[in-house]
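Source file: model.cif (mmCIF, C-alpha atoms)
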```cif
data_input
#
loop_
_atom_site.label_atom_id
_atom_site.label_comp_id
_atom_site.auth_asym_id
_atom_site.auth_seq_id
_atom_site.Cartn_x
_atom_site.Cartn_y
_atom_site.Cartn_z
CA MET S 1 -103.90 28.79 44.79
CA ASN S 2 -106.16 31.12 46.69
CA THR S 3 -105.64 30.80 50.43
CA ASP S 4 -109.18 31.84 51.25
CA VAL S 5 -110.80 28.66 52.57
CA GLN S 6 -114.34 28.52 53.87
CA ARG S 7 -115.58 25.62 55.95
CA ILE S 8 -119.04 24.23 56.54
CA THR S 9 -119.49 21.49 59.11
CA LEU S 10 -122.24 18.94 59.62
CA ASN S 11 -122.42 16.64 62.61
CA LEU S 12 -124.97 13.86 62.11
CA PRO S 13 -126.03 10.55 63.64
CA ALA S 14 -124.35 7.66 61.81
CA SER S 15 -127.69 6.51 60.44
CA ALA S 16 -128.83 5.74 56.90
CA ASP S 17 -131.71 8.17 57.41
CA TYR S 18 -129.34 11.16 57.45
CA VAL S 19 -127.25 10.45 54.37
CA ASP S 20 -129.77 12.32 52.19
CA ILE S 21 -129.23 15.39 54.41
CA VAL S 22 -125.55 15.29 53.46
CA ARG S 23 -126.55 15.08 49.77
CA LEU S 24 -128.89 18.08 50.11
CA ASN S 25 -126.16 20.17 51.73
CA LEU S 26 -123.63 19.07 49.13
CA TYR S 27 -126.02 20.07 46.37
CA GLY S 28 -126.51 23.52 47.89
CA ILE S 29 -122.82 24.17 48.40
CA ALA S 30 -121.60 22.75 45.09
CA SER S 31 -124.18 24.59 42.99
CA LYS S 32 -123.43 27.84 44.82
CA ILE S 33 -119.77 27.69 43.85
CA GLY S 34 -120.44 26.83 40.22
CA PHE S 35 -120.13 23.08 39.70
CA SER S 36 -122.09 21.63 36.79
CA TYR S 37 -125.12 19.40 37.24
CA GLU S 38 -123.14 16.32 36.22
CA GLU S 39 -120.25 17.13 38.56
CA ILE S 40 -122.70 17.57 41.44
CA GLU S 41 -124.36 14.22 40.65
CA ASP S 42 -120.93 12.57 40.69
CA MET S 43 -120.06 14.12 44.04
CA LYS S 44 -123.44 13.13 45.52
CA VAL S 45 -122.70 9.49 44.76
CA ALA S 46 -119.13 9.61 46.08
CA VAL S 47 -119.99 11.43 49.31
CA SER S 48 -122.95 9.13 49.99
CA GLU S 49 -120.72 6.10 49.59
CA ALA S 50 -118.29 7.52 52.16
CA CYS S 51 -121.21 8.15 54.55
CA ASN S 52 -122.62 4.67 53.91
CA ASN S 53 -119.32 3.17 55.03
CA SER S 54 -119.44 5.06 58.32
CA VAL S 55 -123.11 4.13 58.82
CA LEU S 56 -122.52 0.45 58.07
CA TYR S 57 -119.13 -0.28 59.61
CA ALA S 58 -118.13 2.33 62.20
CA TYR S 59 -120.23 1.79 65.27
CA GLY S 60 -122.12 -1.51 65.26
CA GLN S 61 -125.31 -1.53 67.30
CA ASP S 62 -124.44 1.34 69.63
CA GLY S 63 -124.54 4.07 67.02
CA GLY S 64 -122.39 7.18 66.92
CA MET S 65 -121.83 10.38 65.03
CA VAL S 66 -120.38 11.29 61.65
CA ASP S 67 -118.68 14.62 60.90
CA VAL S 68 -118.85 16.00 57.38
CA PHE S 69 -116.63 19.00 56.58
CA PHE S 70 -117.01 20.91 53.35
CA GLU S 71 -113.93 22.93 52.44
CA VAL S 72 -114.63 25.53 49.78
CA THR S 73 -111.92 27.40 47.89
CA GLN S 74 -111.81 29.10 44.52
CA ASP S 75 -110.17 26.04 43.04
CA TYR S 76 -111.80 23.03 44.57
CA LEU S 77 -114.41 21.57 46.89
CA SER S 78 -113.13 19.07 49.40
CA ILE S 79 -115.46 16.93 51.50
CA THR S 80 -114.24 15.07 54.57
CA VAL S 81 -116.35 12.30 56.10
CA ARG S 82 -115.07 11.25 59.50
CA ASP S 83 -116.26 8.79 62.11
CA GLU S 84 -114.75 7.65 65.37
CA GLY S 85 -115.67 4.01 65.17
CA GLU S 86 -114.03 0.84 64.00
CA SER S 87 -112.23 1.30 60.71
CA PHE S 88 -113.84 -0.65 57.90
CA GLU S 89 -110.57 -2.32 56.93
CA SER S 90 -110.50 -4.01 60.30
CA ASN S 91 -113.91 -5.48 59.48
CA GLY S 92 -112.43 -7.65 56.76
CA ARG S 93 -113.44 -5.36 53.93
CA SER S 94 -109.95 -4.76 52.64
CA GLU S 95 -110.61 -6.27 49.23
CA GLY S 96 -110.55 -2.72 47.91
CA SER S 97 -112.44 -1.33 44.99
CA GLU S 98 -113.42 -3.49 42.10
CA THR S 99 -115.83 -3.49 39.21
CA LEU S 100 -117.85 -6.16 37.44
CA HIS S 101 -116.36 -5.55 34.01
CA ASP S 102 -114.22 -8.67 33.78
CA LYS S 103 -116.58 -10.96 35.66
CA GLU S 104 -119.29 -13.45 34.86
CA LEU S 105 -122.54 -13.10 36.77
CA SER S 106 -121.89 -16.33 38.68
CA ASP S 107 -118.52 -14.97 39.92
CA VAL S 108 -119.84 -11.62 41.04
CA GLN S 109 -119.49 -10.68 44.69
CA ILE S 110 -121.81 -8.02 46.05
CA GLY S 111 -119.80 -5.24 47.66
CA GLY S 112 -116.67 -3.27 46.90
CA LEU S 113 -118.49 -1.04 44.41
CA GLY S 114 -118.69 1.90 46.82
CA PHE S 115 -114.94 2.44 46.93
CA TYR S 116 -114.66 2.10 43.21
CA LEU S 117 -117.34 4.76 42.68
CA MET S 118 -115.60 7.19 45.05
CA GLU S 119 -112.33 6.82 43.19
CA ALA S 120 -113.91 6.99 39.75
CA LEU S 121 -116.11 10.02 40.40
CA MET S 122 -113.74 12.33 42.33
CA ASP S 123 -110.40 13.91 41.38
CA GLU S 124 -108.72 12.87 44.62
CA VAL S 125 -109.65 10.35 47.30
CA SER S 126 -107.73 9.73 50.49
CA ILE S 127 -108.77 7.20 53.10
CA LYS S 128 -107.15 7.16 56.52
CA ASN S 129 -107.88 4.41 59.00
CA GLN S 130 -106.53 4.78 62.49
CA ALA S 131 -106.87 1.70 64.62
CA GLY S 132 -109.58 2.34 67.18
CA LYS S 133 -109.87 5.99 66.18
CA GLY S 134 -112.12 5.72 63.20
CA THR S 135 -111.96 6.46 59.53
CA GLU S 136 -111.50 9.66 57.59
CA VAL S 137 -112.31 9.87 53.89
CA VAL S 138 -111.35 13.05 52.02
CA LEU S 139 -112.92 13.56 48.59
CA THR S 140 -111.80 16.42 46.37
CA LYS S 141 -113.24 17.78 43.15
CA ARG S 142 -111.52 20.60 41.27
CA LEU S 143 -113.54 23.43 39.84
CA SER S 144 -112.99 23.51 36.11
CA ARG S 145 -112.34 27.02 34.90
CA SER S 146 -113.20 26.31 31.30
CA GLU S 147 -116.76 27.53 31.62
CA GLU S 148 -117.87 31.03 32.43
CA PRO S 149 -119.26 31.30 35.95
CA VAL S 150 -123.03 31.68 36.10
CA MET B 1 -146.18 -3.09 50.69
CA SER B 2 -145.14 -1.61 53.99
CA MET B 3 -143.15 1.57 54.16
CA ASN B 4 -143.20 4.26 56.76
CA THR B 5 -144.54 7.62 55.64
CA THR B 6 -141.28 9.56 55.67
CA ASN B 7 -139.55 7.02 53.48
CA GLN B 8 -142.55 6.91 51.15
CA ASP B 9 -141.94 10.52 50.11
CA LYS B 10 -138.37 9.68 49.44
CA PHE B 11 -138.72 6.38 47.63
CA ASN B 12 -141.70 4.50 46.27
CA ALA B 13 -142.32 1.26 44.39
CA ARG B 14 -145.51 0.49 42.44
CA THR B 15 -146.09 -2.90 40.82
CA GLN B 16 -148.05 -3.57 37.62
CA MET B 17 -148.88 -6.94 36.03
CA ASN B 18 -149.38 -7.24 32.30
CA ASP B 19 -149.37 -10.49 30.27
CA ASN B 20 -146.79 -12.37 32.35
CA VAL B 21 -144.64 -9.27 32.67
CA CYS B 22 -144.34 -7.75 36.10
CA THR B 23 -143.13 -4.16 36.02
CA VAL B 24 -142.00 -2.37 39.17
CA PHE B 25 -142.08 1.42 38.82
CA LEU B 26 -139.59 3.04 41.17
CA SER B 27 -139.51 6.70 42.08
CA GLY B 28 -137.18 8.84 44.17
CA GLU B 29 -133.91 7.85 45.79
CA LEU B 30 -132.91 4.22 46.20
CA ASP B 31 -130.24 4.34 48.88
CA LEU B 32 -129.12 2.56 52.03
CA SER B 33 -132.04 3.91 54.08
CA VAL B 34 -134.73 2.36 51.85
CA ALA B 35 -132.79 -0.74 50.81
CA PRO B 36 -134.73 -2.98 53.26
CA ASP B 37 -138.04 -1.69 51.85
CA PHE B 38 -136.91 -2.34 48.29
CA ARG B 39 -135.72 -5.87 49.15
CA LEU B 40 -139.08 -6.58 50.78
CA VAL B 41 -141.03 -5.45 47.72
CA MET B 42 -138.84 -7.38 45.31
CA GLU B 43 -138.47 -10.68 47.20
CA PRO B 44 -141.80 -12.31 46.20
CA LEU B 45 -141.56 -10.93 42.65
CA VAL B 46 -138.03 -12.26 42.17
CA SER B 47 -138.95 -15.75 43.39
CA ASN B 48 -141.86 -15.99 40.93
CA GLY B 49 -140.19 -17.46 37.84
CA GLU B 50 -143.43 -17.58 35.81
CA ASN B 51 -143.26 -13.87 35.00
CA ASP B 52 -140.67 -11.67 33.41
CA LEU B 53 -139.56 -8.98 35.82
CA ILE B 54 -138.79 -5.41 34.81
CA VAL B 55 -137.78 -2.42 36.91
CA ASN B 56 -138.83 0.91 35.41
CA MET B 57 -136.48 3.69 36.55
CA LYS B 58 -138.02 6.68 34.78
CA ASP B 59 -138.84 8.55 38.02
CA MET B 60 -135.73 7.57 39.94
CA THR B 61 -133.45 10.42 40.93
CA TYR B 62 -130.64 8.56 42.65
CA ILE B 63 -129.16 5.13 43.30
CA ASP B 64 -126.18 4.18 45.48
CA SER B 65 -123.98 1.09 45.60
CA THR B 66 -126.47 -0.55 47.97
CA GLY B 67 -129.21 -0.25 45.34
CA ILE B 68 -126.87 -1.49 42.61
CA GLY B 69 -125.94 -4.39 44.89
CA ILE B 70 -129.60 -5.37 45.26
CA LEU B 71 -130.12 -5.26 41.48
CA LEU B 72 -127.05 -7.46 41.15
CA SER B 73 -128.38 -10.01 43.61
CA ILE B 74 -131.70 -10.03 41.69
CA LEU B 75 -129.79 -10.58 38.43
CA LYS B 76 -127.99 -13.53 40.02
CA ALA B 77 -131.19 -15.04 41.42
CA ARG B 78 -133.15 -14.66 38.16
CA HIS B 79 -130.20 -15.98 36.13
CA GLY B 80 -130.13 -19.05 38.38
CA MET B 81 -133.87 -19.58 37.80
CA LYS B 82 -133.50 -18.91 34.07
CA ALA B 83 -136.10 -16.17 34.42
CA GLY B 84 -136.05 -12.75 32.78
CA PHE B 85 -135.01 -9.58 34.58
CA GLY B 86 -134.34 -6.18 33.08
CA VAL B 87 -134.42 -2.44 33.62
CA GLU B 88 -136.07 0.19 31.43
CA GLU B 89 -136.14 3.97 31.05
CA VAL B 90 -132.91 4.36 33.01
CA PRO B 91 -132.07 8.07 33.56
CA PRO B 92 -128.64 9.13 32.21
CA GLN B 93 -127.03 9.76 35.60
CA ILE B 94 -128.02 6.25 36.73
CA GLN B 95 -127.00 4.65 33.42
CA LYS B 96 -123.59 6.26 33.92
CA LEU B 97 -123.19 4.40 37.23
CA PHE B 98 -124.38 1.14 35.62
CA ASP B 99 -121.75 1.58 32.90
CA MET B 100 -118.99 2.50 35.36
CA THR B 101 -119.60 -0.38 37.74
CA GLY B 102 -120.08 -2.89 34.93
CA ILE B 103 -123.60 -4.02 35.88
CA ALA B 104 -124.81 -2.63 32.53
CA LYS B 105 -123.40 -5.60 30.61
CA PHE B 106 -125.57 -8.03 32.58
CA PHE B 107 -128.70 -6.06 31.75
CA ALA B 108 -127.61 -5.93 28.11
CA LYS B 109 -127.24 -9.73 28.02
CA GLN B 110 -130.77 -10.11 29.36
CA GLU B 111 -132.14 -7.85 26.63
CA ASN B 112 -130.36 -9.79 23.91
CA SER B 113 -131.72 -13.10 25.13
CA GLN B 114 -135.34 -11.96 24.94
#
```
Any chance you could put this one into structure tokens?
Amino acid sequence: MNTDVQRITLNLPASADYVDIVRLNLYGIASKIGFSYEEIEDMKVAVSEACNNSVLYAYGQDGGMVDVFFEVTQDYLSITVRDEGESFESNGRSEGSETLHDKELSDVQIGGLGFYLMEALMDEVSIKNQAGKGTEVVLTKRLSRSEEPV
Amino acid sequence: MSMNTTNQDKFNARTQMNDNVCTVFLSGELDLSVAPDFRLVMEPLVSNGENDLIVNMKDMTYIDSTGIGILLSILKARHGMKAGFGVEEVPPQIQKLFDMTGIAKFFAKQENSQ
């Protein structure tokens, strides 16, 4: 693996109005290093879901900040979304990721889809909750080398 | 409908009535930031069981789990009222998310029953 790692950092208010800014930056970075349109769309969804969790569950009414780190190497793009609020597991959302595939409409619970999408759309997902110290989600997508670089 | 101007560039909903079919044309990004606007637009349309309700997604560029969650709650409400609800002209990247999450099968059932 190439040891040359480049980092890009965003520090944003934990507000729904800024999640599209993260998507725009992701698009710029991911297209620059050669990800396909479909891969970028997948990452946009996953990264937004991680940001949504920080926006919705980290800080309550007081608000706070979210850090987004993009780590670029020759082999992969890794995106870390970190807040310093309450972890979302401590908010009773530990039901984990689930889909609707084996459910009837009357049994469907709204929620839980965000985690499922992160796991399904990225190559690696790690979620660290530290009590009282916030949540860190690391999403990694490998660059496929099958296609010629543009 | 009420939306502030910045969000209007980002996401828009236009409603059209035609022979007991109400079609809502969405454009842009349906995400957490515009979810309250979308709920507000849909609420009176969902509760009117006289009409079939369709969401046209041709000009949508993005949806997140919040948007999918709202569609799911509309499906549940309309199912409970025995009223029609469907989506049309779903872009491939959004259809992929519908398939992955499993919401696609509920839309398919609606289509079959019409």
Using all atoms listed in the file, the residue out of S:Glu71, S:Glu41, S:Glu98, S:Leu56 with shortest distance to Met122 (chain S) is S:Glu41
Which one is closest to chain B: S:Ile33, S:Ala131, S:Val47, S:Ala58? Count all atoms listed in the file.
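Once distances to chain B are computed over all atoms listed in the file, the minimum belongs to S:Val47.
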Per-residue nearest contacts chain B to chain S, cut-off 10 Å, using all atoms listed in the file, as a Markdown table:
```
| residue | atom | partner | partner_atom | distance |
| --- | --- | --- | --- | --- |
| B:Thr6 | CA | S:Asp17 | CA | 9.8 |
| B:Asn7 | CA | S:Asp17 | CA | 8.8 |
| B:Lys10 | CA | S:Asp20 | CA | 9.4 |
| B:Glu29 | CA | S:Asp20 | CA | 8.8 |
| B:Asp31 | CA | S:Ala16 | CA | 8.3 |
| B:Leu32 | CA | S:Ala16 | CA | 5.8 |
| B:Ser33 | CA | S:Ala16 | CA | 4.6 |
| B:Val34 | CA | S:Ala16 | CA | 8.5 |
| B:Ala35 | CA | S:Ala16 | CA | 9.7 |
| B:Thr61 | CA | S:Glu41 | CA | 9.9 |
| B:Tyr62 | CA | S:Val45 | CA | 8.3 |
| B:Ile63 | CA | S:Val45 | CA | 7.9 |
| B:Asp64 | CA | S:Val45 | CA | 6.4 |
| B:Ser65 | CA | S:Gly114 | CA | 5.5 |
| B:Thr66 | CA | S:Gly111 | CA | 8.2 |
| B:Ile68 | CA | S:Leu113 | CA | 8.6 |
| B:Gly69 | CA | S:Ile110 | CA | 5.6 |
| B:Ile70 | CA | S:Ile110 | CA | 8.3 |
| B:Leu71 | CA | S:Ile110 | CA | 9.9 |
| B:Leu72 | CA | S:Ile110 | CA | 7.2 |
| B:Ser73 | CA | S:Ile110 | CA | 7.3 |
| B:Leu75 | CA | S:Leu105 | CA | 7.9 |
| B:Lys76 | CA | S:Leu105 | CA | 6.4 |
| B:Ala77 | CA | S:Ser106 | CA | 9.8 |
| B:His79 | CA | S:Leu105 | CA | 8.2 |
| B:Gly80 | CA | S:Ser106 | CA | 8.7 |
| B:Pro92 | CA | S:Glu38 | CA | 9.9 |
| B:Gln93 | CA | S:Glu41 | CA | 7.2 |
| B:Ile94 | CA | S:Glu41 | CA | 9.6 |
| B:Lys96 | CA | S:Asp42 | CA | 9.6 |
| B:Leu97 | CA | S:Leu117 | CA | 8.0 |
| B:Phe98 | CA | S:Leu100 | CA | 10.0 |
| B:Asp99 | CA | S:His101 | CA | 9.0 |
| B:Met100 | CA | S:Thr99 | CA | 7.8 |
| B:Thr101 | CA | S:Thr99 | CA | 5.1 |
| B:Gly102 | CA | S:His101 | CA | 4.7 |
| B:Ile103 | CA | S:Leu100 | CA | 6.3 |
| B:Ala104 | CA | S:His101 | CA | 9.1 |
| B:Lys105 | CA | S:His101 | CA | 7.8 |
| B:Phe106 | CA | S:Leu105 | CA | 7.2 |
```
From the list S:Thr9, S:Asn25, S:Ser31, S:Asn53, which residue is nearest Gly134 (chain S) when using only C-alpha atoms?
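Answer, going by the shortest atom-to-atom distance: S:Asn53.
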Selection near Asp52 (chain B), 9 Å with all atoms listed in the file, sequence-local residues under 3 positions removed, as a PyMOL selection string:
chain B and resi 20-23+48-49+83-86
Would you output that residue set with C-alpha atoms, as a PDB file, in the frame of the given file?
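New file selection-v1.pdb:
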```pdb
ATOM      1  CA  ASN B  20    -146.790 -12.370  32.350  1.00  0.00           C
ATOM      2  CA  VAL B  21    -144.640  -9.270  32.670  1.00  0.00           C
ATOM      3  CA  CYS B  22    -144.340  -7.750  36.100  1.00  0.00           C
ATOM      4  CA  THR B  23    -143.130  -4.160  36.020  1.00  0.00           C
ATOM      5  CA  ASN B  48    -141.860 -15.990  40.930  1.00  0.00           C
ATOM      6  CA  GLY B  49    -140.190 -17.460  37.840  1.00  0.00           C
ATOM      7  CA  ALA B  83    -136.100 -16.170  34.420  1.00  0.00           C
ATOM      8  CA  GLY B  84    -136.050 -12.750  32.780  1.00  0.00           C
ATOM      9  CA  PHE B  85    -135.010  -9.580  34.580  1.00  0.00           C
ATOM     10  CA  GLY B  86    -134.340  -6.180  33.080  1.00  0.00           C
TER      11      GLY B  86
END
```
Which one is closest to Asp83 (chain S): S:Val125, S:Leu26, S:Ala14, S:Leu143? Count all atoms listed in the file.
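That would be S:Ala14, the residue with the smallest distance to Asp83 (chain S).
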Any chance you could work out the axis-aligned box around region 70-86 of chain S, listed atoms only, 6 Å on each side, giving centre and edge lengths in Å to one decimal, as JSON?
```
{"center_x": -113.6, "center_y": 15.0, "center_z": 54.2, "size_x": 18.8, "size_y": 40.3, "size_z": 34.3}
```
Which neighbours of Met60 (chain B) fall inside 9 Å, counting only C-alpha atoms, when residues of the same chain fewer than 6 positions from it are skipped, and could you give them as a list of chain:residue names?
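The residues that qualify are B:Phe11, B:Phe25, B:Leu26, B:Ser27, B:Gly28, B:Glu29, B:Leu30, B:Val90, B:Pro91, B:Ile94.
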Which distance in Å separates CA of Tyr27 (chain S) and CA of Ser144 (chain S), to one decimal?
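It comes out at 16.9 Å.
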Straight-line distance linking CA of Ala50 (chain S) with CA of Gln130 (chain S), stated in Å to one decimal:
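Taking CA of Ala50 (chain S) and CA of Gln130 (chain S), their separation equals 15.9 Å.
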For this structure, which residues satisfy the selection - the PyMOL selection byres ((chain S and resi 8) around 12) - when it is evaluated on the file as given? I want them as a list in words.
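When the PyMOL selection byres ((chain S and resi 8) around 12) is applied to the shown file, the picked residues are Val5, Gln6, Arg7, Thr9, Leu10, Asn11, Val22, Asn25, Leu26, Gly28, Ile29, Ala30, Asp67, Val68, Phe69, Phe70, Glu71, Val72, Thr73, Leu77, Ser78, Ile79 and Thr80 of chain S.
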What is the distance, in Å and to one decimal place, between CA of Thr135 (chain S) and CA of Asp75 (chain S)?
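If I compute the distance from CA of Thr135 (chain S) to CA of Asp75 (chain S), I get 25.7 Å.
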